[in-house]
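Working notes for the structure below.
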Amino acid sequence: MAAMDHSAAPDDALVQAARTGDMAAFEELIARHRDKIYARAYTMMRNEDEAVDLSQEAWVKGWQRLVQFQGESSFTTWMTRIVINLCLDQLRKRKRQRAESIEEMDEESGGVERQMPVVTVNPTERLERAELRVRIDEALGKLSEAHRTVLVLHEFEHMEYKNIAKTMNCSIGTVMSRLFYARRKMASLLQDLKKSE
Amino acid sequence: MKEDLQLKLQAFLDGELPSGEAQAVRDLLAGDAAARDLLVELTNTRDVIVAHEATIKVPESREFYWSKIQREISREEKTAAAPSFSVSAWLRRILVPAGAVAAVAIAVMLTLPHPGAGDFSTTSSEAAAFTYHDYATGTTLVWLDYPSENDFSDEESDDTLDL
């Protein structure tokens, strides 16, 4: 049997090879998807070192759990779920250390956003795409961890309310409320961006 | 606008409302400018976020990033392969044979005849007191023959009736 050309092989072939212990195949998968997994960790944690550590931990867990990967979703989606769960665990630990719980995030902070005037003009339409990405990322960094997490899971991972609730171990109502406040806060931050131009 | 209505508008935007409720929201939007404005804002915000996720790259080289993962995988595999002391495993190793031995011992005790299951004894051939001792339960029963025909009883009787 000919040796596999890892760089040319599709993901599913690399996954199959990695399952049989082919570490080179796994390394190729990491090389292909490491930026996405790291980016998700960074978006949630807002800390480069933590994001590197958690993304690497996710890859180690991915290797150990490869037999559990059934191919129902793409390999990257599966890996993204692993890193999201690790980030949520880390955020919960961080919250516990600060004597508060991610489940008890003060929803009162959303009260201000609820009463804000509505922003009907798109404040971002004249910004360059690259600049807009940076500004949106900065605005995400200004959200609370719980609000940012819901927003990331919904907008970037395209998860439904019920799946976010399950992942975050909270009610669907809490997810809806956090998502609403997060969006309104983002609208407010992007509005400020327009004013400061 | 009430919070539940705001959340319903958002659920409508996200396609999370059942069809019946979605129609009710459409009807509401037709006659409520504030609801329409809020929906526009939520839609703009969602769309701009979705379309502009920051491009973030790992701040390490491929080789260095992989080397740390590889090292951790090797370390964990060695740890998993190494025999480790576990209290529960140790207890299983000790308790299972001990339990088997105890079970055999109990079975033997139950099947053997019980020579000392219970005996009768008397204090003397003439005594009017009988003792039964059950070893299994550790019980001792004493029967006193009354009215007694022995000398002691007679004497006691005499003493008692000596008026």
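In the structure tokens, chains take the letters A, B, ... in the order shown, each chain's residues start at 1, and ligands count up from 1 in the order shown.
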
Margin query: Near chain A, meaning an atom within 10 Å, which residues of chain B appear when counting only C-alpha atoms? Write them as an MDAnalysis selection string.
Written below: chainID B and resid 1:4 6:11 14:16 34:63 65:74 76:77

Residues of the last selection are to be written out with C-alpha atoms, as an mmCIF file, in the first residue's frame.
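For reference, selection.cif as written:
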```
data_model
loop_
_atom_site.group_PDB
_atom_site.id
_atom_site.type_symbol
_atom_site.label_atom_id
_atom_site.label_comp_id
_atom_site.auth_asym_id
_atom_site.auth_seq_id
_atom_site.Cartn_x
_atom_site.Cartn_y
_atom_site.Cartn_z
ATOM 1 C CA MET B 1 -41.571 48.001 24.345
ATOM 2 C CA LYS B 2 -41.932 45.070 26.684
ATOM 3 C CA GLU B 3 -38.993 42.717 27.062
ATOM 4 C CA ASP B 4 -40.907 39.619 26.002
ATOM 5 C CA GLN B 6 -38.274 42.403 22.163
ATOM 6 C CA LEU B 7 -37.119 38.820 22.650
ATOM 7 C CA LYS B 8 -39.889 37.581 20.386
ATOM 8 C CA LEU B 9 -38.732 39.952 17.653
ATOM 9 C CA GLN B 10 -35.220 38.617 18.022
ATOM 10 C CA ALA B 11 -36.441 35.008 17.899
ATOM 11 C CA ASP B 14 -33.238 34.137 14.166
ATOM 12 C CA GLY B 15 -35.915 31.848 12.772
ATOM 13 C CA GLU B 16 -36.596 30.387 16.194
ATOM 14 C CA ALA B 34 -40.796 50.945 16.950
ATOM 15 C CA ALA B 35 -40.843 47.187 16.471
ATOM 16 C CA ARG B 36 -39.742 47.627 12.865
ATOM 17 C CA ASP B 37 -36.860 49.897 13.919
ATOM 18 C CA LEU B 38 -35.690 47.444 16.545
ATOM 19 C CA LEU B 39 -35.811 44.625 14.032
ATOM 20 C CA VAL B 40 -33.701 46.693 11.602
ATOM 21 C CA GLU B 41 -31.105 47.335 14.288
ATOM 22 C CA LEU B 42 -30.936 43.703 15.345
ATOM 23 C CA THR B 43 -30.661 42.614 11.725
ATOM 24 C CA ASN B 44 -27.872 45.095 10.905
ATOM 25 C CA THR B 45 -25.942 44.151 14.026
ATOM 26 C CA ARG B 46 -26.237 40.433 13.393
ATOM 27 C CA ASP B 47 -25.268 40.727 9.749
ATOM 28 C CA VAL B 48 -22.243 42.893 10.348
ATOM 29 C CA ILE B 49 -20.929 40.619 13.109
ATOM 30 C CA VAL B 50 -21.457 37.438 11.107
ATOM 31 C CA ALA B 51 -19.760 38.884 8.026
ATOM 32 C CA HIS B 52 -16.747 40.284 9.829
ATOM 33 C CA GLU B 53 -15.318 37.745 12.182
ATOM 34 C CA ALA B 54 -11.749 38.794 12.847
ATOM 35 C CA THR B 55 -9.031 36.811 11.135
ATOM 36 C CA ILE B 56 -6.960 35.533 14.015
ATOM 37 C CA LYS B 57 -3.893 33.378 13.537
ATOM 38 C CA VAL B 58 -1.923 31.276 15.997
ATOM 39 C CA PRO B 59 1.031 33.413 17.123
ATOM 40 C CA GLU B 60 3.406 30.425 16.926
ATOM 41 C CA SER B 61 5.074 28.516 14.123
ATOM 42 C CA ARG B 62 3.524 25.275 12.928
ATOM 43 C CA GLU B 63 6.452 23.235 14.267
ATOM 44 C CA TYR B 65 2.775 24.666 18.130
ATOM 45 C CA TRP B 66 2.745 20.988 17.135
ATOM 46 C CA SER B 67 5.748 20.092 19.287
ATOM 47 C CA LYS B 68 3.901 21.082 22.452
ATOM 48 C CA ILE B 69 0.832 19.072 21.455
ATOM 49 C CA GLN B 70 2.958 16.062 20.562
ATOM 50 C CA ARG B 71 4.829 16.240 23.859
ATOM 51 C CA GLU B 72 1.570 16.382 25.821
ATOM 52 C CA ILE B 73 0.088 13.449 23.903
ATOM 53 C CA SER B 74 3.208 11.366 24.611
ATOM 54 C CA GLU B 76 -0.450 11.440 28.725
ATOM 55 C CA GLU B 77 -0.008 8.134 26.913
#
```

Check: Tell me, which residues of region 29-105 of chain B carry DSSP alpha helix (DSSP H), written as a ChimeraX atom specification?
Finding: /B:29-31,33-51,62-81,87-105

Checklist line | Nearby residues (only C-alpha atoms) at most 10 Å from Leu86 (chain A), same-chain spacing under 2 positions excluded, as a list in words | finding: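 Residues meeting the cut-off are Ala41, Leu54, Ser55, Glu57, Ala58, Lys61, Thr80, Arg81, Ile82, Val83, Ile84, Leu88, Asp89, Gln90, Leu91 and Arg92 of chain A.
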
Item checked: Separation of CA of Thr77 (chain A) from CA of His33 (chain A) in Å ->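 Interatomic distance here is 10.3 Å.
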